[in-house]
Every structure is written in structure tokens, then in C-alpha cells.
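Listing of coords-v3.txt, compact mmCIF, C-alpha atoms and all ligand atoms
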```
# COMPACT_ATOMS: atom_id res chain seq x y z
CA MET M 1 170.15 51.47 -2.09
CA THR M 2 172.17 48.80 -3.79
CA ALA M 3 171.65 47.74 -7.40
CA ASN M 4 170.02 44.44 -6.47
CA SER M 5 167.18 45.88 -4.50
CA LYS M 6 163.58 46.78 -5.18
CA ASP M 7 164.48 50.39 -4.43
CA GLY M 8 167.29 50.20 -7.01
CA ASP M 9 164.93 48.68 -9.60
CA LEU M 10 162.32 51.35 -8.97
CA ARG M 11 164.93 54.10 -9.28
CA GLU M 12 166.03 52.62 -12.58
CA ARG M 13 162.47 52.47 -13.89
CA ALA M 14 161.73 55.95 -12.50
CA ARG M 15 164.69 57.46 -14.35
CA ARG M 16 163.03 56.43 -17.61
CA VAL M 17 159.59 57.91 -16.90
CA ILE M 18 160.11 60.63 -14.25
CA PRO M 19 162.59 63.48 -14.87
CA ASN M 20 165.72 62.73 -12.81
CA GLY M 21 163.82 59.79 -11.33
CA MET M 22 162.37 62.04 -8.64
CA TYR M 23 161.93 65.73 -7.95
CA GLY M 24 161.34 68.17 -5.13
CA HIS M 25 162.21 67.84 -1.48
CA GLU M 26 161.36 64.16 -1.24
CA SER M 27 164.06 63.28 -3.73
CA THR M 28 166.93 61.54 -1.94
CA ALA M 29 169.45 63.37 -4.19
CA ARG M 30 170.81 65.44 -1.29
CA LEU M 31 170.55 62.74 1.35
CA PRO M 32 173.42 60.48 2.35
CA GLU M 33 174.15 57.30 0.44
CA GLY M 34 171.84 54.46 1.46
CA TYR M 35 168.65 56.45 2.04
CA PRO M 36 165.75 54.62 0.37
CA GLN M 37 163.75 56.56 -2.21
CA PHE M 38 160.63 54.40 -2.15
CA PHE M 39 158.52 53.28 0.80
CA ALA M 40 156.00 50.47 1.01
CA SER M 41 154.11 51.40 4.17
CA GLY M 42 153.91 53.41 7.36
CA GLU M 43 152.36 52.68 10.72
CA GLY M 44 152.45 54.83 13.84
CA ALA M 45 156.00 56.17 14.18
CA ARG M 46 157.55 53.80 11.63
CA ILE M 47 158.05 53.57 7.90
CA ARG M 48 159.03 50.50 5.93
CA ASP M 49 160.95 50.78 2.67
CA VAL M 50 160.23 48.67 -0.40
CA ASP M 51 163.00 46.24 0.58
CA GLY M 52 161.42 45.58 3.96
CA ALA M 53 163.72 47.64 6.20
CA GLU M 54 161.89 49.47 8.97
CA TYR M 55 162.85 52.86 10.43
CA ILE M 56 161.70 55.07 13.27
CA ASP M 57 160.79 58.04 11.15
CA TRP M 58 161.89 61.43 12.49
CA MET M 59 160.90 63.19 9.27
CA CYS M 60 157.17 62.42 9.56
CA ALA M 61 156.66 62.85 5.79
CA TYR M 62 158.35 66.29 6.20
CA GLY M 63 155.76 67.18 8.82
CA PRO M 64 152.28 65.80 8.10
CA ASN M 65 152.53 62.78 10.40
CA LEU M 66 151.43 64.39 13.68
CA LEU M 67 149.49 61.58 15.40
CA GLY M 68 151.03 58.50 13.77
CA TYR M 69 150.75 57.03 10.29
CA GLY M 70 147.32 55.45 9.84
CA GLN M 71 145.97 56.87 13.12
CA PRO M 72 142.79 54.73 13.41
CA ASP M 73 140.26 57.46 14.31
CA VAL M 74 141.44 59.72 11.50
CA LEU M 75 141.46 56.81 9.08
CA ALA M 76 137.93 55.79 10.12
CA ALA M 77 136.63 59.33 9.60
CA VAL M 78 138.26 59.51 6.15
CA GLU M 79 136.97 56.11 5.07
CA ALA M 80 133.43 56.80 6.28
CA GLN M 81 133.38 60.06 4.32
CA GLN M 82 134.85 58.35 1.25
CA ARG M 83 131.96 55.89 1.31
CA ARG M 84 129.42 58.72 1.61
CA GLY M 85 131.10 60.80 -1.10
CA ASP M 86 134.41 62.60 -1.47
CA THR M 87 134.96 64.72 -4.58
CA LEU M 88 131.45 65.80 -5.58
CA THR M 89 129.95 68.68 -7.52
CA GLY M 90 130.05 70.77 -4.36
CA PRO M 91 131.44 70.54 -0.84
CA GLY M 92 129.83 68.59 2.00
CA PRO M 93 128.66 69.89 5.39
CA VAL M 94 132.06 68.87 6.72
CA MET M 95 133.58 71.95 5.06
CA VAL M 96 131.52 74.24 7.30
CA GLU M 97 132.21 72.08 10.36
CA LEU M 98 135.94 72.20 9.66
CA ALA M 99 135.92 75.97 9.12
CA GLU M 100 134.08 76.34 12.44
CA ALA M 101 136.58 74.06 14.18
CA MET M 102 139.59 76.00 12.87
CA VAL M 103 138.06 79.38 13.67
CA ASP M 104 137.29 78.14 17.21
CA MET M 105 140.83 76.86 17.68
CA VAL M 106 142.92 79.68 16.21
CA SER M 107 142.53 82.95 18.12
CA HIS M 108 143.10 85.43 15.31
CA ALA M 109 140.87 83.58 12.81
CA ASP M 110 137.34 84.66 11.90
CA TRP M 111 137.16 82.67 8.65
CA ALA M 112 138.83 79.79 6.82
CA MET M 113 139.41 78.73 3.21
CA PHE M 114 140.70 75.29 2.27
CA CYS M 115 143.09 74.08 -0.39
CA LYS M 116 145.56 71.20 -0.82
CA ASN M 117 149.20 72.12 -0.16
CA GLY M 118 150.92 74.66 2.02
CA GLY M 119 152.00 76.48 -1.13
CA ASP M 120 148.35 76.93 -2.16
CA ALA M 121 147.67 78.60 1.19
CA THR M 122 150.67 80.93 0.95
CA SER M 123 149.82 81.90 -2.64
CA MET M 124 146.27 82.59 -1.57
CA ALA M 125 147.55 84.72 1.32
CA MET M 126 149.71 86.73 -1.07
CA VAL M 127 146.80 87.42 -3.41
CA THR M 128 144.51 88.30 -0.49
CA ALA M 129 147.08 90.76 0.87
CA ARG M 130 147.33 92.45 -2.52
CA ALA M 131 143.55 92.53 -2.94
CA HIS M 132 143.11 94.08 0.51
CA ARG M 133 144.15 97.60 -0.47
CA GLY M 134 145.12 97.19 -4.11
CA ARG M 135 148.84 97.23 -3.31
CA ARG M 136 151.64 95.10 -4.74
CA LYS M 137 154.70 94.78 -2.50
CA ILE M 138 155.15 91.61 -0.46
CA LEU M 139 157.91 91.38 2.17
CA VAL M 140 159.55 87.97 2.64
CA GLY M 141 162.48 86.78 4.76
CA THR M 142 165.67 86.15 2.79
CA GLY M 143 165.86 82.42 2.17
CA ALA M 144 162.55 81.70 3.93
CA TYR M 145 160.60 78.90 2.31
CA HIS M 146 156.92 79.48 1.57
CA GLY M 147 156.39 76.91 -1.19
CA ALA M 148 157.45 76.24 -4.76
CA SER M 149 155.29 78.49 -6.94
CA PRO M 150 157.13 80.83 -9.33
CA TRP M 151 156.78 83.75 -6.88
CA ASN M 152 158.44 81.92 -3.98
CA THR M 153 160.46 78.95 -5.27
CA PRO M 154 164.04 78.89 -3.99
CA VAL M 155 165.25 77.55 -7.37
CA LYS M 156 165.07 80.18 -10.06
CA VAL M 157 165.12 77.89 -13.11
CA GLY M 158 162.10 78.57 -15.32
CA VAL M 159 161.15 81.62 -13.28
CA THR M 160 161.17 85.16 -14.62
CA GLU M 161 162.15 88.34 -12.82
CA GLU M 162 158.57 89.49 -13.36
CA ASP M 163 157.27 86.55 -11.31
CA ARG M 164 159.10 87.97 -8.31
CA ALA M 165 159.02 91.63 -9.26
CA HIS M 166 157.15 92.87 -6.20
CA LEU M 167 158.94 90.90 -3.51
CA ILE M 168 161.18 92.75 -1.06
CA GLN M 169 163.47 90.74 1.18
CA PHE M 170 164.45 91.34 4.79
CA GLU M 171 166.54 89.43 7.33
CA GLU M 172 164.30 87.31 9.50
CA GLY M 173 164.37 88.30 13.17
CA ASP M 174 165.99 91.68 12.36
CA LEU M 175 163.59 94.56 12.98
CA ASP M 176 165.86 97.19 11.39
CA SER M 177 166.03 95.16 8.21
CA LEU M 178 162.25 94.72 8.26
CA ALA M 179 161.67 98.43 8.84
CA ASP M 180 163.97 99.22 5.93
CA ALA M 181 162.08 96.80 3.65
CA ALA M 182 158.79 98.41 4.71
CA ARG M 183 160.21 101.86 3.88
CA ARG M 184 161.22 100.61 0.45
CA ALA M 185 157.72 99.22 -0.12
CA GLY M 186 156.28 102.63 0.83
CA ASP M 187 152.60 103.09 0.09
CA ASP M 188 152.63 99.98 -2.11
CA PHE M 189 153.23 97.69 0.94
CA ALA M 190 150.57 94.96 0.74
CA GLY M 191 151.71 92.21 3.10
CA LEU M 192 154.48 90.77 5.23
CA PHE M 193 155.21 87.05 5.32
CA VAL M 194 156.90 85.64 8.39
CA THR M 195 157.63 82.12 9.50
CA PRO M 196 157.05 81.91 13.27
CA TYR M 197 160.80 81.47 13.78
CA ARG M 198 163.77 80.98 11.47
CA MET M 199 163.43 77.51 9.97
CA ARG M 200 166.01 77.00 7.28
CA THR M 201 167.83 73.98 5.89
CA PHE M 202 171.51 73.58 6.83
CA MET M 203 171.17 76.27 9.52
CA ASP M 204 170.47 76.53 13.23
CA GLN M 205 166.80 77.19 13.89
CA THR M 206 165.51 79.83 16.27
CA GLU M 207 162.36 80.01 18.43
CA PRO M 208 159.47 82.51 18.27
CA ASP M 209 160.81 85.95 19.23
CA ALA M 210 158.32 88.23 21.02
CA GLU M 211 160.15 91.48 20.29
CA PHE M 212 160.42 90.78 16.59
CA ALA M 213 156.80 89.63 16.45
CA ARG M 214 155.55 92.79 18.19
CA GLY M 215 157.70 94.95 15.89
CA ALA M 216 156.36 93.16 12.80
CA ARG M 217 152.79 93.74 13.99
CA ARG M 218 153.49 97.44 14.56
CA ILE M 219 155.17 97.91 11.18
CA CYS M 220 152.19 96.32 9.40
CA ASP M 221 149.67 98.36 11.39
CA GLU M 222 151.48 101.62 10.64
CA ALA M 223 151.56 100.82 6.93
CA GLY M 224 148.07 99.32 6.68
CA ALA M 225 149.61 96.07 5.37
CA LEU M 226 148.52 92.55 6.31
CA LEU M 227 150.67 90.41 8.59
CA ILE M 228 150.83 86.79 7.43
CA VAL M 229 152.22 84.00 9.63
CA ASP M 230 153.22 80.94 7.61
CA ASP M 231 152.46 78.14 10.06
CA VAL M 232 152.58 75.41 7.41
CA ARG M 233 155.58 73.68 8.97
CA SER M 234 155.21 74.50 12.65
CA GLY M 235 151.41 74.52 13.00
CA LEU M 236 150.10 72.34 15.87
CA ARG M 237 153.61 71.35 16.93
CA VAL M 238 154.27 74.62 18.75
CA ALA M 239 150.75 75.48 19.97
CA ARG M 240 147.07 74.58 19.62
CA ASP M 241 146.75 77.98 18.01
CA CYS M 242 148.82 80.10 15.68
CA SER M 243 152.49 79.72 16.71
CA TRP M 244 152.83 83.47 17.35
CA GLU M 245 150.06 83.22 19.95
CA THR M 246 152.87 81.87 22.18
CA VAL M 247 154.43 85.37 22.10
CA GLY M 248 151.11 87.22 22.19
CA VAL M 249 151.00 88.50 18.60
CA ARG M 250 148.07 87.93 16.27
CA PRO M 251 148.44 88.05 12.50
CA ASP M 252 145.76 89.01 9.98
CA LEU M 253 146.28 85.83 7.97
CA SER M 254 147.85 82.47 8.75
CA CYS M 255 148.74 79.60 6.44
CA TRP M 256 148.30 75.97 7.48
CA GLY M 257 149.01 72.62 5.83
CA LYS M 258 150.99 69.47 6.50
CA VAL M 259 149.57 68.31 9.86
CA ILE M 260 146.00 69.50 9.79
CA GLY M 261 144.68 66.26 8.28
CA ASN M 262 147.41 64.06 9.79
CA GLY M 263 148.63 63.30 6.25
CA GLN M 264 145.39 63.84 4.36
CA PRO M 265 145.82 66.30 1.48
CA ILE M 266 144.42 69.50 2.92
CA SER M 267 145.70 72.94 3.79
CA ALA M 268 144.07 76.18 4.86
CA LEU M 269 144.25 79.94 4.86
CA LEU M 270 142.79 81.47 8.02
CA GLY M 271 142.03 85.13 8.35
CA ALA M 272 140.79 87.86 10.63
CA ASP M 273 137.78 89.99 9.75
CA ILE M 274 140.03 92.76 8.40
CA ALA M 275 140.94 90.48 5.46
CA ARG M 276 137.49 88.92 4.91
CA GLU M 277 136.37 91.28 2.16
CA ALA M 278 139.62 90.84 0.19
CA ALA M 279 139.48 87.06 0.55
CA GLY M 280 135.93 87.14 -0.76
CA LYS M 281 136.98 89.02 -3.89
CA ILE M 282 139.88 86.87 -5.12
CA PHE M 283 139.34 83.88 -7.41
CA VAL M 284 141.01 80.77 -6.04
CA THR M 285 139.99 77.17 -6.52
CA GLY M 286 141.06 73.66 -7.50
CA SER M 287 139.28 70.50 -8.61
CA PHE M 288 140.16 68.73 -5.36
CA TRP M 289 140.04 71.63 -2.91
CA PHE M 290 136.50 70.78 -1.79
CA SER M 291 136.91 67.00 -1.42
CA ALA M 292 135.14 65.95 1.74
CA ALA M 293 137.25 62.99 2.90
CA PRO M 294 140.43 64.99 3.73
CA MET M 295 138.20 67.50 5.51
CA ALA M 296 136.69 64.70 7.61
CA GLY M 297 140.26 63.59 8.40
CA ALA M 298 141.17 67.13 9.40
CA LEU M 299 138.09 67.50 11.60
CA GLU M 300 139.05 64.34 13.47
CA THR M 301 142.70 65.39 13.69
CA LEU M 302 141.70 68.71 15.24
CA ARG M 303 139.41 66.93 17.71
CA ILE M 304 142.31 64.76 18.85
CA VAL M 305 144.62 67.78 19.09
CA ARG M 306 142.02 69.61 21.22
CA GLU M 307 140.97 66.74 23.46
CA THR M 308 144.18 64.83 24.12
CA ASP M 309 147.66 65.65 25.38
CA CYS M 310 149.21 64.81 21.98
CA LEU M 311 150.98 68.18 21.73
CA GLU M 312 152.56 67.77 25.17
CA ARG M 313 153.58 64.20 24.29
CA LEU M 314 155.27 65.06 21.03
CA THR M 315 157.09 67.91 22.75
CA ALA M 316 158.22 65.55 25.55
CA ILE M 317 159.40 63.04 22.95
CA GLY M 318 161.40 65.76 21.18
CA GLU M 319 162.92 66.82 24.50
CA ALA M 320 163.84 63.24 25.37
CA LEU M 321 165.61 62.81 22.04
CA ARG M 322 167.42 66.12 22.54
CA ALA M 323 168.58 65.20 26.03
CA GLY M 324 169.73 61.75 24.91
CA LEU M 325 171.68 63.14 21.95
CA ALA M 326 173.30 65.81 24.13
CA ALA M 327 174.52 63.15 26.57
CA GLN M 328 175.74 60.86 23.79
CA SER M 329 177.57 63.56 21.86
CA GLU M 330 179.37 64.62 25.01
CA ALA M 331 180.29 61.04 25.86
CA PHE M 332 181.65 60.46 22.36
CA GLY M 333 183.44 63.81 22.18
CA PHE M 334 181.41 65.50 19.44
CA GLY M 335 179.84 68.95 19.66
CA LEU M 336 176.19 69.10 18.60
CA ARG M 337 174.05 72.17 18.04
CA GLN M 338 170.43 71.30 18.77
CA THR M 339 168.08 74.14 17.92
CA GLY M 340 164.43 74.96 17.25
CA PRO M 341 161.32 73.89 19.17
CA ALA M 342 161.66 70.41 20.69
CA ALA M 343 158.93 68.98 18.43
CA LEU M 344 160.82 70.23 15.34
CA PRO M 345 164.39 69.41 16.32
CA MET M 346 167.37 70.43 14.21
CA VAL M 347 170.64 68.60 14.87
CA LEU M 348 173.90 69.91 13.39
CA PHE M 349 177.50 69.07 14.27
CA GLU M 350 179.97 71.69 15.48
CA ASP M 351 183.10 72.07 13.36
CA ASP M 352 181.40 70.48 10.37
CA PRO M 353 181.38 73.17 7.68
CA ASP M 354 181.01 70.71 4.81
CA PHE M 355 178.57 68.44 6.71
CA ARG M 356 180.76 65.35 6.44
CA LEU M 357 180.17 64.46 10.10
CA GLY M 358 176.42 65.01 9.94
CA TYR M 359 176.08 63.01 6.74
CA ALA M 360 178.12 60.06 7.98
CA TRP M 361 176.31 60.06 11.33
CA CYS M 362 172.85 60.03 9.71
CA ALA M 363 173.88 57.31 7.24
CA ALA M 364 175.08 55.13 10.12
CA ALA M 365 171.94 55.80 12.18
CA LEU M 366 169.81 54.85 9.18
CA ARG M 367 171.60 51.50 8.92
CA ALA M 368 170.68 50.97 12.58
CA GLY M 369 167.00 51.80 11.99
CA ALA M 370 166.56 55.55 12.65
CA TYR M 371 165.58 57.84 9.78
CA LEU M 372 167.10 61.28 10.54
CA SER M 373 168.01 64.29 8.40
CA PRO M 374 171.49 65.83 8.26
CA TYR M 375 170.25 69.20 6.97
CA HIS M 376 166.53 69.66 7.61
CA ASN M 377 164.70 70.09 10.90
CA MET M 378 163.05 66.87 11.97
CA PHE M 379 159.60 66.27 13.48
CA SER M 380 158.34 64.25 16.42
CA ASN M 381 154.89 62.70 16.42
CA ALA M 382 152.43 61.66 19.10
CA ALA M 383 152.65 57.96 18.21
CA MET M 384 156.31 57.91 19.29
CA THR M 385 156.95 56.29 22.64
CA GLU M 386 159.79 56.37 25.14
CA ALA M 387 160.79 52.99 23.68
CA ASP M 388 161.08 54.60 20.22
CA VAL M 389 163.37 57.26 21.68
CA THR M 390 165.45 54.57 23.38
CA ARG M 391 165.63 52.61 20.12
CA THR M 392 166.59 55.78 18.22
CA LEU M 393 169.32 56.52 20.76
CA GLU M 394 170.69 53.00 20.33
CA ALA M 395 170.94 53.74 16.61
CA THR M 396 172.55 57.15 17.15
CA GLY M 397 174.89 55.67 19.78
CA ALA M 398 176.08 53.13 17.24
CA ALA M 399 176.43 55.98 14.72
CA PHE M 400 178.58 58.07 17.13
CA GLU M 401 180.72 55.00 17.79
CA GLU M 402 181.26 54.49 14.05
CA LEU M 403 181.94 58.21 13.56
CA ARG M 404 184.61 58.17 16.25
CA ARG M 405 186.42 55.40 14.38
CA THR M 406 186.03 56.84 10.89
CA ARG M 407 186.08 60.62 11.34
CA GLU M 408 189.64 61.08 10.08
CA SER M 409 188.90 59.31 6.80
CA LEU M 410 185.54 60.92 6.01
CA LEU M 411 185.13 62.90 2.80
CA PRO M 412 182.69 65.77 2.17
CA PRO M 413 179.32 64.54 0.87
CA PRO M 414 179.57 64.62 -2.95
CA GLN M 415 175.88 65.48 -3.25
CA LEU M 416 176.57 68.87 -1.67
CA ALA M 417 179.22 69.88 -4.22
CA PRO M 418 178.16 73.08 -6.02
CA ARG M 419 176.28 72.33 -9.24
CA ALA M 420 178.03 73.33 -12.46
C1 LIG U 1 157.10 77.16 6.13
C2 LIG U 1 156.54 76.47 4.91
N1 LIG U 1 155.67 77.11 4.14
C3 LIG U 1 155.14 76.55 3.04
C4 LIG U 1 155.50 75.28 2.66
C5 LIG U 1 154.92 74.67 1.43
O1 LIG U 1 154.08 73.60 1.74
P1 LIG U 1 153.75 72.49 0.66
O2 LIG U 1 155.00 71.72 0.40
O3 LIG U 1 152.68 71.67 1.29
O4 LIG U 1 153.26 73.22 -0.56
C6 LIG U 1 156.41 74.56 3.45
C7 LIG U 1 156.81 73.19 3.07
O5 LIG U 1 157.74 72.63 3.59
C8 LIG U 1 156.95 75.17 4.60
O6 LIG U 1 157.84 74.53 5.38
```
Any chance you could give the structure as C-alpha cells?
Amino acid sequence: MTANSKDGDLRERARRVIPNGMYGHESTARLPEGYPQFFASGEGARIRDVDGAEYIDWMCAYGPNLLGYGQPDVLAAVEAQQRRGDTLTGPGPVMVELAEAMVDMVSHADWAMFCKNGGDATSMAMVTARAHRGRRKILVGTGAYHGASPWNTPVKVGVTEEDRAHLIQFEEGDLDSLADAARRAGDDFAGLFVTPYRMRTFMDQTEPDAEFARGARRICDEAGALLIVDDVRSGLRVARDCSWETVGVRPDLSCWGKVIGNGQPISALLGADIAREAAGKIFVTGSFWFSAAPMAGALETLRIVRETDCLERLTAIGEALRAGLAAQSEAFGFGLRQTGPAALPMVLFEDDPDFRLGYAWCAAALRAGAYLSPYHNMFSNAAMTEADVTRTLEATGAAFEELRRTRESLLPPPQLAPRA
């Protein structure tokens, strides 16, 4: 944003009172020039920045917006519960109702525990896996993201080797690599974390892989270790169940967050009976984990997911975007790689090793009203309409047009230069 803007003023003020002005994945530090840092409002499929510009938002708050910002039924359920009581000395009946709803919906689940962020759920899964048989080793995919606690953060500043001492890495989707990691864990193998498919920044995504999933299940069963599917990002965009249900494999634990309250702060660890005793022994809690209003929002979100065709719609919207971008890129003479499930689309340019094309294209689309990401998978939501896809494609069409004119003069994005 330019200096004479509300966004610019807020950035300036933020730099004084917030380290670096912003932190974590919602910092615009790695986004192209022009991306706003601060937003004033969101409604349905759109967000409005503090300077009044409106965008069709394909990031959906990095996932949580499943049904549309401010979805009225979810909002009404949250507000009604807020009036009755939210953060009290103990949970409300809604906690039991929500646990019942999640257990009914997710095939492998016999019980549920609630927390706030996806990272709470993954940390809780790790501790449960270790408590299950008193073992220590946790297998994780190289580069897979499971949250930002010391044991799993991708940035090692302020983290000790001891924090990660019992992690063993394997290559996602590679059964030989997984089997080797399991051998190295030996009889100390507590649990295996998988994301339902490879979902990494700056890389092509994959889709759930039945052979790998079955192999992972077998390896865990042979070792007596717990299989943990991290469905925090993909949950309810791939299936109305755990994402690996689509390939017929059931985990012992699954981690949920982001969408389950359509933006309300709530996440969950679900488990099968095999892990119930361990989950009952660990000590996990938080002052806001039992707040009733986000649970009421989640209960309503799950009802809508169950009773409407929202999942089919957001998939169809993702497919329409994908088809439109494929046609445009061909017409303008650019190669695009579009990967991942349609509701979590990743768009990368061919022959773009330093991402200069992707960055320039996204910056131009943003100026025309579409908020896209040049390096992260995006998300569709059920409030998006065909007209939103058409409007997005107008923006991306203008962006391709601009890219065709400017491609020879583009420079690599400075924000991707290696840090000293
Ligand atoms: C696969 C996966 N697991 C865990 C997390 C952590 O969730 P949260 O940011 O809510 O802690 C994320 C967040 O993006 C994620 O994508």
C-alpha cells in the first residue's frame, strides 16, 4: 500500500508496537507489492481493505471461510450463545452436542476434544500418541506443516534441538522412506503424522494417494503406533468426513481446525477408541478452549455442511476457476500448473523458477479485484457464485494481458531473496 493510505498509516503505527509490524503467515512480507496488510470487513466471498478496496477473496482467511464471511445462520447461533454465556466456569451443553455431531460425521471418530487452533490439535495428537504406549518417536513428512509450536515450527529460531529430538522425517507419499523412518523409530515409534496429500508452499500439491495411505496404515499397525491425519487445512473441503476416507483408510486420530466454525476460533482432535485411554490421561487445556459461542458456531457450520450441497458447490467453483485459468493461460501463451483438490487450488507458472511471473500476475489480479496467492494453495468457499468466478477471470485475464506486455522486464520478487 502507498504511504498516503490507511493501510500505510497502520503499518507505520504497527512497526512501533508490534515486532516487524506483523508476524506469522498473515504478514504480507512475502506477498507481492500492493497487497494490503489490514482489512476492515468481510462479507460472503469478499473482503474489504481499510482503504475501501474490495476483493474476491481466494484465500478465505487461509482456510476458515468455508460458507462465506458472516454466514447468517452461523452468526445467529454464535450471537445467541454469546447472549446466554460464552466463556464460563465450565462448558455448556453445546460441547457435548458438538462432540456428538463430529463423532457422527467422521467415520473413524469415537470421541472428540476441542481447542482453539490447528496447532493445539496437532500438539494434542502428538502427546496422545506418546501417552498411548509410553513411546517417544513421532514421524513427520519433511517440510510438512503441522503448526508453529517449538516441536513443529518450520522456522528454527528460538527452538532447541531438544524440542525436536524425537522427530523422524520421511518423504511424503514415499512408502520406502516411511518404512525406513519406522525402522529407525524401532520399538520407540509412537505416532505417524500425515497430511492427507502433499500441501506445501511454493510447490505443486498432490491428491490423496490410496496406496500410500494403505501402506501408512499397515506400517502403524505393525508397529503398534498411532496414525494421525492432519486435516486442519483440507477438512470439509475434500469430504464430509476425514479426507483419507476418500481412499478408504481410517486413522486413529485426526486434527481439525480452520473451517469447523466457519471462522469461529475452534479446533478439534478426534480419535478412535484405541486412543481414548491415552487421550484421557494427558493434561491439555486453555482458558478459552471451552467457550460455548464458537462451539455453537461449529455446530451450525456442521449442520450446514451435512444438510446442504455446500461441499459440491465449493468444489464446482474451484473447478470453474481451474478451467477458466487453463483456457486463459493457453490463450495468452503461458504454462500453468494447477494442482491439488479443486476446492484448494494451487496455481504456479511453468518456467518460473524465481516466481517473477507468479508474483507479477497476482499483483496485477489484485489491482483488478481478485485476491490470489502466488505461493500458497488457495481456497474456494460456498458463498462464491459463478459471477464471482467470472469476475475473478476478468481480473486474471487483465493480469495475463499485463504479464504478456511486461514479462521481459520483470525482476525476481525481492521478498524471496535469501535472508542474510
Ligand atoms: C496442515 C496444517 N496443520 C496445522 C496447521 C496449524 O493450524 P493453526 O494455524 O490454526 O494453528 C495448519 C495451518 O495452516 C495446517 O495447514
Environment of ligand LIG 1 (chain U) within 8 Å, counting all atoms listed in the file, reported as a ChimeraX atom specification: /M:62-63,116-122,144-148,195,199,230-234,255,257-258,267
What's around region 338-352 of chain M at 9 Å? Count all atoms listed in the file, leave out sequence neighbours fewer than 3 positions away in its own chain, and write the answer as number ranges by chain. M: 63, 197-199, 202-208, 233-234, 237-238, 311, 314-322, 325-326, 334-335, 355-358, 373-381
Atomic separation - CA of Val249 (chain M) relative to CA of Arg214 (chain M), Å: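 Pair CA of Arg214 (chain M) / CA of Val249 (chain M) returns 6.3 Å.
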Shell of 9 Å around Leu178 (chain M), only C-alpha atoms, local chain residues under 2 positions omitted, as an MDAnalysis selection string: chainID M and resid 139 141 169:176 180:183 215:216 219
Between M:Arg337, M:Arg405, M:Arg184, M:Arg391, single out the one closest to Ala360 (chain M), counting only C-alpha atoms. M:Arg405
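Going from CA of Gly68 (chain M) to CA of Ala383 (chain M) covers 4.8 Å.
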Would you be able to write out as a list of chain:residue names which residues have an atom within 7 Å of (144.0, 85.4, 20.4) in the file's coordinates, counting all atoms listed in the file?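 Residues with an atom close enough to that point: M:Ser107, M:His108, M:Glu245, M:Arg250.
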Box centre and edge lengths (Å, one decimal), axis-aligned, region 145-159 of chain M plus 3 Å each side, as lines of an AutoDock Vina configuration file:
```
center_x = 160.3
center_y = 80.0
center_z = -6.5
size_x = 16.0
size_y = 13.5
size_z = 23.6
```
Separation of CA of Ile228 (chain M) from CA of Trp151 (chain M) in Å: 15.8 Å
Got a sec: who's within 7 Å of region 186-190 of chain M, counting all atoms listed in the file, leaving out chain neighbours fewer than 5 positions off, as an mmCIF file with C-alpha atoms, in the frame of the given file?
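As written to disk, part.cif reads:
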```cif
data_model
loop_
_atom_site.group_PDB
_atom_site.id
_atom_site.type_symbol
_atom_site.label_atom_id
_atom_site.label_comp_id
_atom_site.auth_asym_id
_atom_site.auth_seq_id
_atom_site.Cartn_x
_atom_site.Cartn_y
_atom_site.Cartn_z
ATOM 1 C CA ALA M 129 147.080 90.760 0.870
ATOM 2 C CA ARG M 130 147.330 92.450 -2.520
ATOM 3 C CA ARG M 135 148.840 97.230 -3.310
ATOM 4 C CA ARG M 136 151.640 95.100 -4.740
ATOM 5 C CA LYS M 137 154.700 94.780 -2.500
ATOM 6 C CA ILE M 138 155.150 91.610 -0.460
ATOM 7 C CA ALA M 223 151.560 100.820 6.930
ATOM 8 C CA ALA M 225 149.610 96.070 5.370
ATOM 9 C CA LEU M 226 148.520 92.550 6.310
#
```
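The nearest approach to Asp9 (chain M) among the residues M:Tyr23, M:Phe38, M:Tyr69, M:Phe283, with only C-alpha atoms taken into account, belongs to M:Phe38.
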Using only C-alpha atoms, the residue out of M:Asn20, M:Ser41, M:Ser149, M:Gln81 with shortest distance to Met124 (chain M) is M:Ser149
Find, counting all atoms listed in the file, the residue in M:Leu253, M:Val194, M:Ala364, M:Val140 that gets nearest to Pro32 (chain M).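 Nearest to Pro32 (chain M): M:Ala364.
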Go through M:Phe290, M:Phe332, M:Trp58, M:Phe114 and flag the residue nearest Trp256 (chain M), using all atoms listed in the file for the distances.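 Nearest candidate to Trp256 (chain M) out of M:Phe290, M:Phe332, M:Trp58, M:Phe114: M:Phe114.
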Can you list, as an MDAnalysis selection string, every protein, DNA or RNA residue that comes within 9 Å of Arg276 (chain M) when you count all atoms listed in the file, leaving out same-chain residues fewer than 3 positions away? chainID M and resid 110:111 128 132 271:273 279:281
I'd like the neighbourhood of region 298-305 of chain M as a list in words, where a residue qualifies if any of its atoms comes within 8 Å (using all atoms listed in the file), though same-chain residues fewer than 4 positions away should be ignored.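 Close residues of region 298-305 of chain M: Leu67, Asp73, Val74, Ala77, Val94, Glu97, Leu98, Ala101, Met102, Leu236, Arg240, Ile260, Gly261, Asn262, Gln264, Ile266, Pro294, Asp309, Cys310 and Leu311 of chain M.
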Considering only C-alpha atoms, can you say which of M:Ile56, M:Ala45, M:Leu403, M:Met95 comes closest to Ser291 (chain M)?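 Closest candidate: M:Met95.
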